[in-house]
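For reference, input-v3.txt (compact mmCIF, C-alpha atoms):
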```txt
# COMPACT_ATOMS: atom_id res chain seq x y z
CA MET A 1334 51.38 -35.80 -14.64
CA ASN A 1335 49.84 -37.37 -17.77
CA ARG A 1336 47.28 -35.75 -20.05
CA ILE A 1337 44.28 -37.67 -18.66
CA THR A 1338 45.19 -36.75 -15.08
CA LYS A 1339 45.48 -33.10 -16.07
CA LYS A 1340 42.06 -33.15 -17.71
CA VAL A 1341 40.45 -34.75 -14.66
CA LEU A 1342 42.13 -32.26 -12.34
CA SER A 1343 40.99 -29.34 -14.52
CA ALA A 1344 37.41 -30.63 -14.54
CA VAL A 1345 37.42 -30.94 -10.75
CA ILE A 1346 38.71 -27.36 -10.37
CA VAL A 1347 36.08 -26.00 -12.78
CA LEU A 1348 33.31 -27.91 -10.96
CA ALA A 1349 34.50 -26.56 -7.61
CA MET A 1350 34.47 -23.01 -8.97
CA VAL A 1351 30.94 -23.46 -10.34
CA LEU A 1352 29.66 -24.87 -7.05
CA SER A 1353 31.35 -22.03 -5.17
CA THR A 1354 29.66 -19.48 -7.42
CA ILE A 1355 26.27 -21.11 -6.90
CA THR A 1356 26.75 -21.14 -3.12
CA VAL A 1357 27.73 -17.45 -3.09
CA THR A 1358 24.76 -16.58 -5.30
CA PHE A 1359 22.34 -18.38 -2.97
CA ALA A 1360 23.89 -16.63 0.03
CA GLU A 1361 23.52 -13.25 -1.63
CA GLU A 1362 19.90 -13.89 -2.55
CA ALA A 1363 18.87 -15.15 0.90
CA LYS A 1364 16.03 -12.93 2.04
CA THR A 1365 15.96 -11.52 5.53
CA ILE A 1366 13.05 -10.48 7.71
CA LYS A 1367 12.73 -8.29 10.80
CA VAL A 1368 11.07 -9.48 14.02
CA THR A 1369 10.53 -7.61 17.31
CA MET A 1370 11.36 -9.54 20.49
CA SER A 1371 11.26 -8.75 24.21
CA ILE A 1372 11.87 -10.79 27.38
CA GLU A 1373 9.57 -9.77 30.23
CA ARG A 1374 9.17 -10.29 34.01
CA PHE A 1375 6.13 -8.07 34.55
CA THR A 1376 4.30 -10.63 36.71
CA ILE A 1377 6.93 -10.32 39.45
CA GLY A 1378 7.41 -6.56 39.07
CA GLN A 1379 10.90 -6.75 37.57
CA GLY A 1380 10.15 -5.22 34.17
CA PHE A 1381 12.13 -6.16 31.09
CA LEU A 1382 15.04 -8.55 31.08
CA VAL A 1383 15.47 -7.46 27.45
CA GLU A 1384 13.66 -4.39 26.15
CA PRO A 1385 11.95 -4.64 22.74
CA MET A 1386 14.54 -4.96 19.99
CA THR A 1387 14.46 -5.53 16.25
CA VAL A 1388 16.09 -8.78 15.18
CA GLU A 1389 17.03 -9.57 11.58
CA VAL A 1390 16.92 -13.26 10.62
CA ASN A 1391 16.68 -15.25 7.42
CA GLU A 1392 13.29 -15.86 5.89
CA GLY A 1393 11.90 -19.16 7.17
CA ALA A 1394 13.40 -18.71 10.64
CA SER A 1395 11.65 -19.84 13.83
CA VAL A 1396 11.08 -18.25 17.24
CA LYS A 1397 14.08 -20.33 18.38
CA ASP A 1398 16.34 -18.59 15.85
CA VAL A 1399 15.19 -15.14 16.98
CA PHE A 1400 15.52 -16.00 20.68
CA GLU A 1401 19.01 -17.48 20.29
CA LYS A 1402 20.18 -14.41 18.40
CA VAL A 1403 18.88 -12.16 21.19
CA ALA A 1404 20.43 -14.41 23.86
CA LYS A 1405 23.81 -14.29 22.13
CA GLU A 1406 23.76 -10.51 21.74
CA LYS A 1407 22.68 -9.94 25.36
CA ASN A 1408 24.94 -12.68 26.85
CA ILE A 1409 21.98 -14.59 28.29
CA THR A 1410 22.50 -18.08 29.70
CA PHE A 1411 19.41 -20.25 29.39
CA HIS A 1412 18.29 -23.86 29.58
CA THR A 1413 15.61 -25.63 27.60
CA SER A 1414 13.47 -28.64 28.51
CA SER A 1415 14.47 -32.18 27.66
CA TYR A 1416 11.22 -32.92 25.79
CA GLY A 1417 11.29 -30.11 23.21
CA TYR A 1418 12.61 -26.62 22.63
CA TYR A 1419 10.67 -24.99 25.46
CA LEU A 1420 12.44 -22.38 27.58
CA ASN A 1421 13.01 -23.80 31.07
CA THR A 1422 15.16 -21.30 33.00
CA ILE A 1423 17.23 -18.16 32.42
CA SER A 1424 20.22 -17.58 34.67
CA TYR A 1425 20.67 -14.29 36.52
CA ALA A 1426 17.15 -13.22 35.56
CA ASP A 1427 15.77 -12.75 39.08
CA THR A 1428 16.89 -9.57 40.86
CA GLY A 1429 15.56 -10.83 44.18
CA ILE A 1430 13.22 -7.84 44.54
CA VAL A 1431 9.68 -9.11 44.08
CA LYS A 1432 6.59 -6.97 43.54
CA ILE A 1433 3.78 -9.20 42.38
CA PRO A 1434 0.75 -7.24 41.06
CA GLN A 1435 -2.18 -7.26 43.48
CA SER A 1436 -4.53 -8.73 40.91
CA ILE A 1437 -2.30 -11.83 40.69
CA GLN A 1438 -2.04 -12.09 44.48
CA ASP A 1439 -5.85 -11.99 44.62
CA MET A 1440 -6.29 -14.93 42.23
CA ALA A 1441 -8.06 -17.97 43.72
CA GLY A 1442 -6.30 -21.09 44.89
CA ILE A 1443 -6.10 -24.04 42.54
CA ASP A 1444 -6.82 -27.70 43.32
CA VAL A 1445 -5.43 -30.24 40.88
CA ASP A 1446 -6.04 -33.99 40.87
CA TYR A 1447 -3.07 -35.83 39.37
CA GLY A 1448 -4.70 -39.25 39.75
CA GLU A 1449 -2.26 -41.81 41.11
CA TYR A 1450 0.13 -39.02 42.04
CA GLY A 1451 -2.40 -37.47 44.38
CA LYS A 1452 -4.26 -34.18 44.81
CA PHE A 1453 -2.44 -30.89 45.20
CA HIS A 1454 -3.46 -27.39 46.24
CA TYR A 1455 -1.73 -24.23 45.01
CA ASP A 1456 -2.13 -20.71 46.36
CA ALA A 1457 -1.45 -17.53 44.42
CA PRO A 1458 2.01 -16.06 45.18
CA THR A 1459 2.53 -12.96 47.29
CA ASP A 1460 5.36 -10.45 47.66
CA THR A 1461 6.80 -12.66 50.39
CA SER A 1462 6.98 -15.72 48.14
CA MET A 1463 10.49 -17.08 47.67
CA ASN A 1464 12.12 -18.22 44.45
CA VAL A 1465 13.42 -21.71 45.16
CA LEU A 1466 15.87 -21.35 42.24
CA PHE A 1467 17.24 -17.98 43.33
CA GLU A 1468 20.40 -19.31 44.99
CA ASP A 1469 21.29 -21.28 41.89
CA GLU A 1470 22.61 -18.57 39.53
CA GLN A 1471 19.53 -16.46 40.29
CA LYS A 1472 17.59 -18.62 37.85
CA LEU A 1473 14.07 -17.71 36.85
CA GLY A 1474 11.82 -20.25 35.21
CA SER A 1475 9.84 -23.42 35.68
CA GLY A 1476 9.04 -23.84 39.38
CA SER A 1477 10.13 -20.36 40.50
CA PHE A 1478 7.84 -18.97 43.25
CA THR A 1479 5.08 -21.51 42.46
CA ASP A 1480 4.89 -24.95 40.86
CA LEU A 1481 2.61 -23.42 38.20
CA ALA A 1482 5.21 -20.87 37.02
CA GLY A 1483 7.35 -20.88 33.89
CA TRP A 1484 8.42 -19.12 30.71
CA MET A 1485 5.93 -18.80 27.86
CA TYR A 1486 5.80 -16.75 24.69
CA ALA A 1487 3.20 -14.89 22.65
CA LEU A 1488 3.36 -14.41 18.89
CA ASN A 1489 1.46 -11.33 17.72
CA ASN A 1490 -0.40 -11.13 21.04
CA LYS A 1491 -1.52 -14.77 20.95
CA CYS A 1492 -0.18 -17.63 23.04
CA SER A 1493 1.54 -20.36 21.04
CA ASP A 1494 1.52 -23.96 22.23
CA SER A 1495 4.30 -24.88 19.78
CA ALA A 1496 7.90 -25.34 20.81
CA MET A 1497 10.11 -22.41 19.82
CA ASP A 1498 11.80 -24.39 17.03
CA ALA A 1499 8.42 -25.43 15.58
CA GLN A 1500 6.95 -21.92 15.37
CA PRO A 1501 7.93 -20.01 12.20
CA VAL A 1502 8.05 -16.22 12.13
CA LYS A 1503 7.43 -13.76 9.34
CA ASP A 1504 8.44 -10.18 8.65
CA GLY A 1505 6.92 -7.73 11.11
CA ASP A 1506 6.04 -10.29 13.79
CA VAL A 1507 6.19 -9.43 17.50
CA VAL A 1508 7.42 -12.15 19.88
CA ARG A 1509 7.10 -11.57 23.63
CA VAL A 1510 8.88 -14.08 25.88
CA GLN A 1511 7.08 -13.73 29.22
CA PHE A 1512 7.43 -15.18 32.71
CA SER A 1513 4.15 -16.54 34.10
CA VAL A 1514 4.26 -16.70 37.89
CA TYR A 1515 0.93 -18.46 38.43
CA ALA A 1516 -1.82 -20.48 36.78
CA GLY A 1517 0.13 -21.56 33.72
CA GLY A 1518 -0.19 -18.35 31.73
CA ALA A 1519 -3.64 -17.25 32.87
CA ASP A 1520 -1.84 -14.36 34.58
CA LEU A 1521 -0.53 -13.35 31.12
CA GLY A 1522 -4.02 -13.32 29.64
CA PHE A 1523 -3.56 -16.74 28.02
CA TYR A 1524 -6.18 -19.50 28.09
CA SER A 1525 -6.96 -20.71 31.61
CA TYR A 1526 -6.85 -24.47 32.17
CA TYR A 1527 -8.47 -24.12 35.59
CA ASP A 1528 -12.25 -23.81 36.04
CA ASN A 1529 -12.07 -21.26 38.87
CA ILE A 1530 -9.39 -19.09 37.31
CA GLU A 1531 -10.31 -16.36 34.84
CA SER A 1532 -7.64 -15.24 32.38
CA ALA A 1533 -6.29 -11.76 33.05
CA LYS A 1534 -7.65 -9.00 30.80
CA LEU A 1535 -4.53 -7.16 29.66
CA ALA A 1536 -3.88 -4.44 27.07
CA ASP A 1537 -2.53 -5.26 23.63
CA LYS A 1538 1.02 -3.87 23.75
CA ASP A 1539 2.40 -5.21 20.45
CA LYS A 1540 2.31 -1.94 18.47
CA LEU A 1541 4.01 -0.08 21.30
CA MET A 1542 6.63 -2.84 21.61
CA LYS A 1543 7.41 -2.50 17.92
CA GLN A 1544 7.53 1.30 18.08
CA VAL A 1545 9.87 1.30 21.11
CA ALA A 1546 12.19 -1.13 19.33
CA GLY A 1547 12.57 1.33 16.46
CA VAL A 1548 13.33 4.43 18.55
CA ASP A 1549 16.85 5.36 19.64
CA ALA A 1550 17.09 5.30 23.44
CA GLU A 1551 19.35 8.38 23.32
CA GLY A 1552 17.70 10.18 20.42
CA GLU A 1553 15.35 13.16 20.35
CA LEU A 1554 12.45 10.98 21.53
CA LYS A 1555 14.33 9.47 24.49
CA GLU A 1556 11.93 10.92 27.10
CA ALA A 1557 8.85 9.68 25.24
CA ARG A 1558 10.55 6.31 24.80
CA ALA A 1559 11.40 6.07 28.51
CA GLU A 1560 7.78 6.82 29.37
CA ALA A 1561 6.62 4.20 26.87
CA VAL A 1562 8.89 1.60 28.47
CA SER A 1563 7.38 2.43 31.88
CA VAL A 1564 3.88 1.90 30.46
CA LEU A 1565 4.92 -1.41 28.91
CA GLU A 1566 6.42 -2.62 32.18
CA LYS A 1567 3.22 -1.81 34.04
CA TYR A 1568 1.55 -5.21 34.28
CA ASP A 1569 -2.03 -3.94 34.22
CA ALA A 1570 -1.60 -0.83 32.07
CA THR A 1571 -4.85 0.17 30.37
CA GLN A 1572 -5.26 0.19 26.60
CA GLU A 1573 -5.74 3.95 26.83
CA GLU A 1574 -2.34 4.36 28.52
CA VAL A 1575 -0.69 2.16 25.90
CA ASP A 1576 -2.28 4.00 22.97
CA LYS A 1577 -1.34 7.38 24.44
CA ALA A 1578 2.31 6.32 24.80
CA LEU A 1579 2.19 5.09 21.21
CA LEU A 1580 1.02 8.46 19.91
CA ASN A 1581 3.65 10.27 22.02
CA LEU A 1582 6.29 8.25 20.18
CA GLY A 1583 5.05 9.65 16.88
CA TYR A 1584 3.10 6.59 15.75
CA VAL A 1585 0.51 7.01 13.05
CA GLU A 1586 -1.13 4.26 11.07
CA GLU A 1587 0.26 4.13 7.54
CA THR A 1588 -1.74 3.66 4.38
CA THR A 1589 -1.36 4.49 0.68
CA GLU A 1590 -3.23 7.47 -0.68
CA PRO A 1591 -6.04 6.67 -3.16
CA GLU A 1592 -6.53 8.64 -6.34
CA THR A 1593 -8.80 11.04 -4.47
CA THR A 1594 -9.21 11.58 -0.75
CA THR A 1595 -12.66 12.59 0.49
CA ALA A 1596 -13.13 14.45 3.76
CA VAL A 1597 -16.61 15.11 5.14
CA SER A 1598 -16.95 18.52 6.79
CA GLU A 1599 -18.67 19.04 10.10
CA THR A 1600 -22.40 19.86 9.96
CA THR A 1601 -23.10 23.45 10.87
CA THR A 1602 -25.95 23.91 13.37
CA ARG A 1603 -28.37 26.63 12.25
CA GLN A 1604 -32.03 27.46 12.68
CA GLU A 1605 -32.74 25.57 9.50
CA THR A 1606 -31.33 22.15 8.55
CA THR A 1607 -28.45 22.20 6.05
CA THR A 1608 -26.89 19.38 4.06
CA PRO A 1609 -23.32 18.50 5.09
CA GLU A 1610 -20.79 19.50 2.45
CA THR A 1611 -18.27 17.09 1.05
CA THR A 1612 -14.82 18.36 0.08
CA THR A 1613 -12.60 16.38 -2.28
CA ILE A 1614 -8.87 16.64 -1.49
CA ALA A 1615 -6.57 16.27 -4.48
CA PRO A 1616 -3.94 13.50 -4.16
CA LEU A 1617 -0.40 14.55 -3.29
CA LYS A 1618 1.86 15.19 -6.24
CA LYS A 1619 4.82 12.94 -6.85
CA VAL A 1620 8.04 14.15 -5.28
CA THR A 1621 10.72 15.45 -7.63
CA ILE A 1622 14.27 14.62 -6.60
CA LYS A 1623 16.09 17.86 -7.31
CA LYS A 1624 19.67 16.82 -6.67
CA LEU A 1625 21.91 14.01 -5.38
CA THR A 1626 25.31 15.08 -4.10
CA ASN A 1627 28.36 13.23 -2.81
CA VAL A 1628 29.40 14.36 0.67
CA LYS A 1629 32.31 13.32 2.88
CA LYS A 1630 32.58 9.87 4.45
CA TYR A 1631 30.88 8.17 1.49
CA LYS A 1632 27.42 9.61 2.04
CA VAL A 1633 24.84 10.96 -0.39
CA LYS A 1634 22.84 14.12 0.24
CA ILE A 1635 19.33 14.08 -1.21
CA LYS A 1636 17.48 17.28 -2.02
CA ILE A 1637 13.84 17.34 -3.15
CA ASN A 1638 11.26 19.94 -4.14
CA LYS A 1639 8.59 20.74 -1.56
CA VAL A 1640 5.15 19.20 -2.23
CA THR A 1641 2.10 21.32 -1.49
CA GLY A 1642 -0.06 19.83 1.25
CA ALA A 1643 2.58 17.38 2.44
CA LYS A 1644 3.24 16.91 6.14
CA GLY A 1645 6.55 15.17 5.50
CA TYR A 1646 8.52 12.81 3.28
CA GLN A 1647 9.76 9.23 3.28
CA TYR A 1648 13.21 8.60 1.77
CA ARG A 1649 14.22 5.12 0.63
CA TYR A 1650 17.71 4.29 -0.60
CA ALA A 1651 19.70 1.18 -1.47
CA THR A 1652 22.76 0.04 -3.43
CA ASN A 1653 20.72 -1.97 -5.95
CA LYS A 1654 17.94 -1.20 -8.41
CA LYS A 1655 15.47 -3.54 -6.72
CA PHE A 1656 15.93 -1.77 -3.34
CA LYS A 1657 16.75 -5.00 -1.51
CA LYS A 1658 17.85 -4.35 2.10
CA SER A 1659 16.99 -0.69 1.60
CA LYS A 1660 17.14 1.96 4.32
CA VAL A 1661 14.12 4.16 5.07
CA LYS A 1662 13.93 7.55 6.76
CA THR A 1663 10.74 9.52 7.44
CA THR A 1664 11.18 13.23 8.11
CA THR A 1665 9.57 16.61 7.55
CA LYS A 1666 12.69 17.99 5.85
CA THR A 1667 13.26 18.37 2.11
CA THR A 1668 16.88 17.33 2.46
CA PHE A 1669 18.32 14.11 3.87
CA THR A 1670 21.80 12.59 4.04
CA THR A 1671 22.24 8.83 3.91
CA LYS A 1672 24.32 6.81 6.30
CA LYS A 1673 27.86 5.80 5.30
CA LEU A 1674 28.01 3.72 2.12
CA SER A 1675 30.89 2.00 0.34
CA LYS A 1676 33.14 3.76 -2.15
CA ASN A 1677 32.26 3.30 -5.84
CA VAL A 1678 28.85 1.72 -5.17
CA ARG A 1679 25.81 3.26 -6.84
CA CYS A 1680 23.16 4.66 -4.51
CA TYR A 1681 19.57 4.42 -5.73
CA VAL A 1682 16.99 6.79 -4.25
CA LYS A 1683 13.23 7.30 -4.33
CA VAL A 1684 11.05 9.57 -2.18
CA ARG A 1685 7.34 9.97 -1.49
CA ALA A 1686 5.32 12.61 0.35
CA TYR A 1687 2.69 12.02 3.00
CA ARG A 1688 -0.10 13.87 4.76
CA VAL A 1689 -1.71 13.04 8.11
CA ILE A 1690 -5.47 12.66 8.45
CA GLY A 1691 -6.64 11.80 11.95
CA GLU A 1692 -4.21 9.18 13.19
CA LYS A 1693 -3.28 7.90 9.74
CA ARG A 1694 -0.23 8.74 7.67
CA ILE A 1695 -1.33 8.67 4.02
CA PHE A 1696 1.38 8.39 1.38
CA GLY A 1697 1.47 9.64 -2.19
CA LYS A 1698 3.20 7.83 -5.05
CA TRP A 1699 6.95 7.20 -5.15
CA SER A 1700 9.11 9.57 -7.18
CA ASN A 1701 11.10 8.44 -10.18
CA VAL A 1702 14.28 6.63 -9.11
CA LYS A 1703 17.56 8.54 -9.29
CA SER A 1704 21.03 7.22 -8.64
CA LEU A 1705 24.54 8.47 -7.96
CA LYS A 1706 27.94 6.78 -7.78
CA VAL A 1707 29.55 7.22 -4.35
CA LYS A 1708 32.99 8.82 -4.71
CA LYS A 1709 34.05 10.66 -1.56
```
So that I can check it, write out the structure of this file as structure tokens.
Amino acid sequence: MNRITKKVLSAVIVLAMVLSTITVTFAEEAKTIKVTMSIERFTIGQGFLVEPMTVEVNEGASVKDVFEKVAKEKNITFHTSSYGYYLNTISYADTGIVKIPQSIQDMAGIDVDYGEYGKFHYDAPTDTSMNVLFEDEQKLGSGSFTDLAGWMYALNNKCSDSAMDAQPVKDGDVVRVQFSVYAGGADLGFYSYYDNIESAKLADKDKLMKQVAGVDAEGELKEARAEAVSVLEKYDATQEEVDKALLNLGYVEETTEPETTTAVSETTTRQETTTPETTTIAPLKKVTIKKLTNVKKYKVKIKINKVTGAKGYQYRYATNKKFKKSKVKTTTKTTFTTKKLSKNVRCYVKVRAYRVIGEKRIFGKWSNVKSLKVKK
């Protein structure tokens, strides 16, 4: 091999190494987001096909990406339309036991004029309606039970007319893939395309969907979670029922505490009129991280000092200073042990206290960051 050939070969190797480094760097810096997704058959009384779950995808992902990840994890076989990424059918999604809500059965008939193709009349389905696709892999989708049935999806409680691959998602979004049995989504509360059909008035279940997705089905809140799932599966659940189930799962609205918190006291009724008193509540003090300790199985135990007036604490930890892909735990305890980490990584920790006022969880400021090298 001559000198020129060696130089060219060396340059190629160096270039390949540089490109490899750039590719790895981009992969490491790819941001991820979390989206909640469910697949529902409430309109035929069959509940969830997939209960609410949290899905992690790359930033810039679409509903298609989220759905395909769920389908892969749950071993779901599905088919899309030939004219765009619209969900057509899902195999083995119909149990064969149909319980269509009475309010859907009571919907008016629909007359549609398709011009040269003729006029057609459609009646609302009943419990005796048959799924013409049932014998074929128990499919559920376009044309099941009625010609006006099919799969649709809502993004943050709003119907989207975009194909799944054309609808981007962002962190915190809730996507509900729902089977409409009649009137092209009017039974789901979506816009009605038929003059004599009024869209169903249904509760907003997004917050409860998201809360259920974040609660362990076998954890300490399993009974409250099971009850919440029952409320979600109830087609015509009231907003009051949904909100009650949400509170039973420990939900409180989160906000950051201002410099001072003002609470207005109740007016005392006396013979003479008095002016209501206003009490100023001092902001919560910053948490002090007392100690970080290595424990077995590559975990870190965090111990903090108790903060006066705090209802509980939120622990955040990560293996980088910027807290990318950090883990968060909210608890009333002043000690917390992380999940298993890797040996010799450095664990970074910060903690903040919170109090609860009404239905809101109000946080104080984050503590100073402390870190510890994982050894055990």
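Ranking A:Tyr1527, A:Glu1449, A:Leu1541, A:Val1368 by their shortest atom-to-atom distance to Ser1563 in chain A, with all atoms listed in the file included, puts A:Leu1541 first.
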Next on the checklist: Which residues are close to range 1580-1582 of chain A, i.e. within 12 Å by all atoms listed in the file, leaving aside same-chain residues fewer than 2 positions away? Reply as a ChimeraX atom specification.
Outcome noted: /A:1540-1550,1552-1562,1564,1573-1578,1584-1586,1691-1693
Item to check | Residues within 9 Å of (-1.1, -18.2, 28.4), file coords, only C-alpha atoms, listed as number ranges by chain | outcome: A: 1485-1487, 1491-1494, 1513, 1516-1525, 1532
Next on the checklist: Just to confirm, what's the straight-line distance from CA of Phe1381 in chain A to CA of Arg1509 in chain A in Å (one decimal)?
Outcome noted: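 CA of Arg1509 in chain A lies at a distance of 10.5 Å from CA of Phe1381 in chain A.
CA of Asn1638 in chain A lies 18.2 Å from CA of Ala1615 in chain A.
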Around range 1468-1483 of chain A, fit a box with edges along x, y and z, padding it by 6 Å on each side, then list its centre and edge lengths in Å to one decimal as AutoDock Vina command-line options.
```
--center_x 12.6 --center_y -20.7 --center_z 39.4 --size_x 32.0 --size_y 20.5 --size_z 23.1
```
Item to check | Neighbour list for Gly1476 in chain A as a list of chain:residue names, cut-off 8 Å, only C-alpha atoms, skip fewer than 4 positions in-chain | outcome: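 Listing them by chain and then by number gives A:Val1465, A:Leu1466, A:Asp1480, A:Leu1481, A:Ala1482, A:Gly1483.
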Checklist outcome for this item: In Å and to one decimal, CA of Lys1618 in chain A is distant from CA of Ser1704 in chain A by 20.9 Å
Need the shell around range 1672-1674 of chain A: protein/DNA/RNA residues with any atom at most 7 Å away, counting only C-alpha atoms. Skip same-chain ones fewer than 3 positions apart. Format as a PDB file with C-alpha atoms, in the coordinates of the input?
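Output (result.pdb):
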```pdb
ATOM      1  CA  LYS A1630      32.580   9.870   4.450  1.00  0.00           C
ATOM      2  CA  TYR A1631      30.880   8.170   1.490  1.00  0.00           C
ATOM      3  CA  LYS A1632      27.420   9.610   2.040  1.00  0.00           C
TER       4      LYS A1632
END
```
For range 1549-1565 of chain A, supply N, CA and C atoms and report the output as a CSV table (one decimal), in the coordinates of the input.
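Produced file result.csv, reproduced below:
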```csv
chain,number,residue,atom,x,y,z
A,1549,ASP,N,15.5,5.3,19.0
A,1549,ASP,CA,16.8,5.4,19.6
A,1549,ASP,C,16.7,5.8,21.1
A,1550,ALA,N,17.2,5.0,22.0
A,1550,ALA,CA,17.1,5.3,23.4
A,1550,ALA,C,17.7,6.6,23.8
A,1551,GLU,N,18.7,7.1,23.0
A,1551,GLU,CA,19.4,8.4,23.3
A,1551,GLU,C,19.0,9.5,22.3
A,1552,GLY,N,18.1,9.2,21.5
A,1552,GLY,CA,17.7,10.2,20.4
A,1552,GLY,C,16.8,11.3,20.9
A,1553,GLU,N,16.2,12.0,20.0
A,1553,GLU,CA,15.4,13.2,20.4
A,1553,GLU,C,14.0,12.7,21.0
A,1554,LEU,N,13.7,11.5,20.9
A,1554,LEU,CA,12.4,11.0,21.5
A,1554,LEU,C,12.7,10.1,22.8
A,1555,LYS,N,13.9,10.3,23.4
A,1555,LYS,CA,14.3,9.5,24.5
A,1555,LYS,C,13.4,9.6,25.7
A,1556,GLU,N,12.8,10.8,26.0
A,1556,GLU,CA,11.9,10.9,27.1
A,1556,GLU,C,10.6,10.2,26.8
A,1557,ALA,N,10.1,10.4,25.6
A,1557,ALA,CA,8.8,9.7,25.2
A,1557,ALA,C,9.1,8.2,25.2
A,1558,ARG,N,10.2,7.7,24.8
A,1558,ARG,CA,10.6,6.3,24.8
A,1558,ARG,C,10.6,5.8,26.2
A,1559,ALA,N,11.3,6.5,27.1
A,1559,ALA,CA,11.4,6.1,28.5
A,1559,ALA,C,10.0,5.9,29.2
A,1560,GLU,N,9.1,6.9,28.8
A,1560,GLU,CA,7.8,6.8,29.4
A,1560,GLU,C,7.0,5.6,28.8
A,1561,ALA,N,7.3,5.3,27.5
A,1561,ALA,CA,6.6,4.2,26.9
A,1561,ALA,C,7.1,2.9,27.5
A,1562,VAL,N,8.4,2.8,27.8
A,1562,VAL,CA,8.9,1.6,28.5
A,1562,VAL,C,8.2,1.4,29.8
A,1563,SER,N,8.0,2.5,30.6
A,1563,SER,CA,7.4,2.4,31.9
A,1563,SER,C,6.0,1.9,31.7
A,1564,VAL,N,5.3,2.4,30.7
A,1564,VAL,CA,3.9,1.9,30.5
A,1564,VAL,C,3.9,0.4,30.1
A,1565,LEU,N,4.8,0.0,29.3
A,1565,LEU,CA,4.9,-1.4,28.9
A,1565,LEU,C,5.2,-2.3,30.1
```
